[in-house]
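A quick write-up on the structure given underneath.
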Amino acid sequence: MNATKVIAEENCSGCLLCALACSFFNQPDRVFNLSKSQIKVERIGGQNRFKISFKEDCIECGTCADYCHYGVLSYQALD
Amino acid sequence: MEGYKGYAGDVLYIDLDTGSIAKKPLGQDLMRKFLGGAGINAQLFYESVKAHSDPLSPGNALVFGAGPFVGTLILGAGKCCATAKSPVSGYIANSVTGSLGNLKFAGYDHLVITGKADKPVYLKIYNDEVKILDGNHIWGKDVWDATDELWKELGGEYTIVTIGPAGENLVMDANIIVDKYAGFSRCGLGAVMGSKNLKAIAVYGTQDIGVADVDRFSDLLERYNKDFFSQRLLNEWRVYGTLISLKPMAQTGLYPFKNYQEAVDPDEMIKSFDLESFLEIKGGDVACMACPIGCKHFIQVKKGKYAGLTLSVGCANAAMQTWGCYCGSLGDWEGVFKGAELCNRLGLDYYNTSSLISWAIESYRRGIIDKKDTEGIELDWGKAEAIQELIQEIAYRRGFGEILACGLKEAPKRVGKGSESYAVHIKGLSTPFDLRARISSESFSQVINVRGGHSSAVTVTMMPRSPGQMKRFAERIGLPPKDVLDRVLTGPEEFNPGRISKWFEDNVTVFDSLGICQFPPFQRVNLSFWAEIYSALTGIEMDAPSLLTAGERACNMRKAFSLREGATREEDFPPKRFMTEALKFGKEERGPLKEEYVNELIDDYYHERGWNMDGTISEEKIKELELNQYFGGV
C-alpha cells in the first residue's frame, strides 16, 4: 500500500499545484477550489515559506505528489 | 454563473466615496471580446474614468483582474493584472503579478475601486462578505509590517495586497506589493491606491471554479504538461530564475551602467555578479500560483553587514540591473538585495527609483547639484549606504527625496540646470533596455508602449538568434500569422522590430488577459492550443485568430484611452541620451540612434497596427475591432 509523504517541506515554493490538482481530480463535481483540497499549504513565519499537512479525508491517492514539481511530496510504499 | 465556466462570473465594484459595494455579473460579450485579466481591465477602466481625470483624484479607478485561466491547473496561469490612470505617464497603467489568484476563489474576476475614503481603510473580501474596514492601525506601517498585521488579524490564508509609506505619501513611483514580494511594480499604482486612502486589500475565498468540458480539458492538460516538461533549460530557470539571462544579456550590452552612460563590460558583469555566489544566498524557490518553475527566490543573507536579511524577490535580474548596474554597484549581491528589501518594504518600483537615484548621482558628479541640495548626502557610484538613504528619503518625501518623489519627468524640471538631459525615460517610465545596445521587439516596444518605457512585446528577439530561428519559432507558436510573415520576418536579423512588436504586443496581451506567464517556457506553446483549452475550460468556442483579435482589441482600447487624454506621436520616442550620445560597451562604442531609422520603425509599427501615421487609430480599425461603442469620440 502506498501513501503520500512530505519528504522535503523546505522545498515548497507555494505554487499550490498540489492543492489545485487535489480539488480537481478528487471532488465529484470536478472543480478547482483550494478549500476543498485535502492537502493544506500554510504560510509559516510571515514569509513565503510553507508547512504542508493533510486533512482527515485524504484518500492517499498520490495526485498531489504527481503535481509537485519541487520534490516536496512523494507517493511511496508505507514503511 | 450559468453557462460559462472558468470565470468566477462577477465583477466587484467598490466606491470609497459612498462606501457602496456592488456585485455585477461579468457580461458574456466582454468575455468574448476581451477574454479577461488585462483585456477586460482595460474596458472596465475606460468606462469608469472620465477624460482628463487627475490620476490621484477620486475620479481615477483602480481595477484588478484575474483571467479565466487563473485558479486552474494550467501551468503558468497565475498572472493577475492591475490597471489605473498612471500618475507617471498620465496614460493607462497596466501591471501584472502572479499572486492574486484568491480573487477568483472569492468569486470575482475583477475588482473596480473608485472614489476616496475619508480616512485610511482596508478592504476585506471573503466570498460575499466584503467590508471596508478602518485602516488606521496599519497606515504608516511598511509593507511587511502591515502585511504581518493583517495575516495576524485575518489568517495566513489571505492574500494581502498593500502599499507602503511611498504609496501613502503619493510618491510618483510607489508600487503595490502582494504577500510581501510580488509587485504591481510600475507606473505609480501605489500612489493611486494611496490617493484613495486605501492601505490594503485582503482577499480569500472558498468558491468553485468550474470546467465546461472536463474530459476535453483533462486531455488537453495532459498534452500540455507532457510538452511543457520536455523543454530544455527548465531546471536552469528553477535555479537561476531571471538570472538565467545574465550571460547573454551582458554579452549583448543590456545592462545599462551609471545611468545609461555605458553598458557594463560583459566580462566584468559576468565576473562580478558570479552566479555561484548568488546560490550561496539563495535559500529556496518561490513561485506564482500554478507555476512549476518557481523563477522567484527566497534570499537569505548569512554574512557581512546585511547578515540576517531574508526576503522573497520576484525578479532577481531586475534587482541586479537596477541596484547593481544603474547605480554602479557591480558585484555587490548583498547590497542589491538590501536595495530590493527597502523597495519591497517601502513600496517603490525598483526601475524608476534606481533610475532617479542614478540621475541624481550623475547630476551630483557633474556639479549640477551638491551636498546642500541633498541635505548632506554625498552621492557617488556604488555608494550603497547613500543610495539606501536616498531610497528612504524618497518614500517619506524627506530632504532631497521630496524632489525625487516627483518622478523622472518632474524632478529634473525642478532641478533644472540642464539636468533634464540626463533623465532617461519614455513617458516618465525608465527603460530597462538600452536601444543603442540592441534593437529588438523587447527594446523597441518601450518606445510605443502606451504605458511608457517598458517592454510590451516580449518574444525571443532580445538576443541575436541563429539563421532561420525566428521562422522556426513563428511556425512553432503560430505567430506572426503566415500571411504577414514576409513583411514581418525580414531584414538582417530576420525580423522587423516595428512590425513584429505589433504581433507580440497582441500576443502578450492575450497572455495577460488569460492569466498566463509571458516567459519563454510558456510562450513556446502554439496559440491554437491556448484557444482550444480556453474553449474546453469556459465553454466559449474560440480559435487562435479570435484570441489574437481580442488581444489586439485590448491594445487598441488602451491606445484609445491615451488618445482621449491627448497623446501624440511625439511622445512615442526614445530618450534624448539614446539619440545624442554614443554608448560605451566594453571595447566597443555604439553610436547614438539615427532619428530617421527610429521614425521608420515607428511608421512600420503604426502601419502594422492599421493606425494613421500620427498615431491615431484609423476608422477602419475601430470598425474592424467592433470598438465604435467604446470610443466614438476618439
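Residues are named by chain letter and number: chains run A, B, ... in the order of the C-alpha cells, numbers start at 1 in each chain, and ligands are numbered from 1 in the order shown.
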Practice problem: Compile the residues of chain A that lie within 10 Å of chain B, evaluated using only C-alpha atoms, and express the compilation as a PyMOL selection string. | Solution: chain A and resi 10-21+23-25+29-36+41-49+67-70
Resulting file, chosen residues, C-alpha atoms, as a compact mmCIF listing (two decimals), in the first residue's frame:
# COMPACT_ATOMS: atom_id res chain seq x y z
CA GLU A 10 11.65 23.23 2.87
CA ASN A 11 11.48 22.99 -0.94
CA CYS A 12 7.86 24.17 -1.12
CA SER A 13 7.55 27.24 -3.35
CA GLY A 14 3.88 27.91 -2.59
CA CYS A 15 2.70 27.25 -6.16
CA LEU A 16 -0.39 25.37 -4.90
CA LEU A 17 -0.46 22.99 -7.88
CA CYS A 18 -0.84 20.10 -5.38
CA ALA A 19 -3.97 21.61 -3.85
CA LEU A 20 -5.45 22.61 -7.21
CA ALA A 21 -4.91 19.06 -8.52
CA SER A 23 -9.61 19.55 -5.66
CA PHE A 24 -9.99 18.93 -9.39
CA PHE A 25 -9.28 15.21 -9.55
CA ASP A 29 -18.03 17.99 -9.01
CA ARG A 30 -14.55 18.31 -10.68
CA VAL A 31 -13.90 21.93 -9.77
CA PHE A 32 -10.93 23.96 -8.70
CA ASN A 33 -11.31 25.05 -5.11
CA LEU A 34 -8.40 25.29 -2.68
CA SER A 35 -10.71 24.99 0.31
CA LYS A 36 -11.96 21.58 -0.92
CA VAL A 41 -0.34 24.54 2.31
CA GLU A 42 0.08 27.02 5.16
CA ARG A 43 2.35 30.02 5.30
CA ILE A 44 4.90 29.99 8.14
CA GLY A 45 6.96 32.67 9.81
CA GLY A 46 5.38 35.51 7.87
CA GLN A 47 7.48 34.53 4.87
CA ASN A 48 6.83 32.82 1.58
CA ARG A 49 7.76 29.54 3.24
CA TYR A 67 1.67 17.62 -9.43
CA CYS A 68 4.50 18.63 -7.08
CA HIS A 69 7.48 19.72 -9.18
CA TYR A 70 9.60 20.85 -6.26
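Between atom CA of B:Met31 and atom CA of B:Leu111 the separation is 15.4 Å.
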Quiz item: Which neighbours of B:Gly328 fall inside 6 Å, counting only C-alpha atoms, when residues of the same chain fewer than 2 positions from it are skipped, and could you give them as a list of chain:residue names?
Solution: B:Lys258, B:Gly324, B:Cys325, B:Tyr326, B:Leu330, B:Trp381, B:Gly382
Quiz prompt | All helix (DSSP H, G or I) positions in chain A, as a PyMOL selection string | solution = chain A and resi 9-11+17-26+34-36+63-66
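Residues within 7 Å of stretch 566-580 of chain B, counting only C-alpha atoms and excluding same-chain residues fewer than 2 positions away, are Ser421, Tyr422, Val424, His425, Ile426, Lys427, Arg436, Val447, Ile448, Ser562, Leu563, Arg564, Ala582, Pro592, Leu593, Lys594, Asp614 and Gly615 of chain B.
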Exercise. Kindly indicate which residue among B:Lys409, B:Arg398, B:His110, B:Lys247 lies nearest to B:Leu356, using only C-alpha atoms for the distances.
Key: B:Lys409
Quiz prompt | Long-range neighbours of B:Leu485 as an NGL selection string, 10 Å cut-off, only C-alpha atoms, 2 positions minimum in chain | solution = :B and (471 or 474-475 or 479-483 or 487-490 or 495 or 500)
With C-alpha atoms retained, could you export that selection as a CSV table (one decimal), in the first residue's frame?
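Contents of the output file result.csv:
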chain,number,residue,atom,x,y,z
B,471,LYS,CA,10.9,31.5,-38.7
B,474,ALA,CA,7.0,31.6,-35.6
B,475,GLU,CA,6.0,28.2,-37.0
B,479,LEU,CA,2.7,33.8,-34.7
B,480,PRO,CA,3.0,36.1,-36.6
B,481,PRO,CA,0.3,34.6,-38.9
B,482,LYS,CA,1.5,33.1,-42.2
B,483,ASP,CA,0.1,35.8,-44.4
B,487,ARG,CA,6.9,41.6,-44.3
B,488,VAL,CA,7.4,40.9,-40.6
B,489,LEU,CA,10.2,38.3,-40.5
B,490,THR,CA,12.6,40.2,-42.8
B,495,PHE,CA,12.6,40.4,-38.1
B,500,ILE,CA,7.0,42.3,-35.0
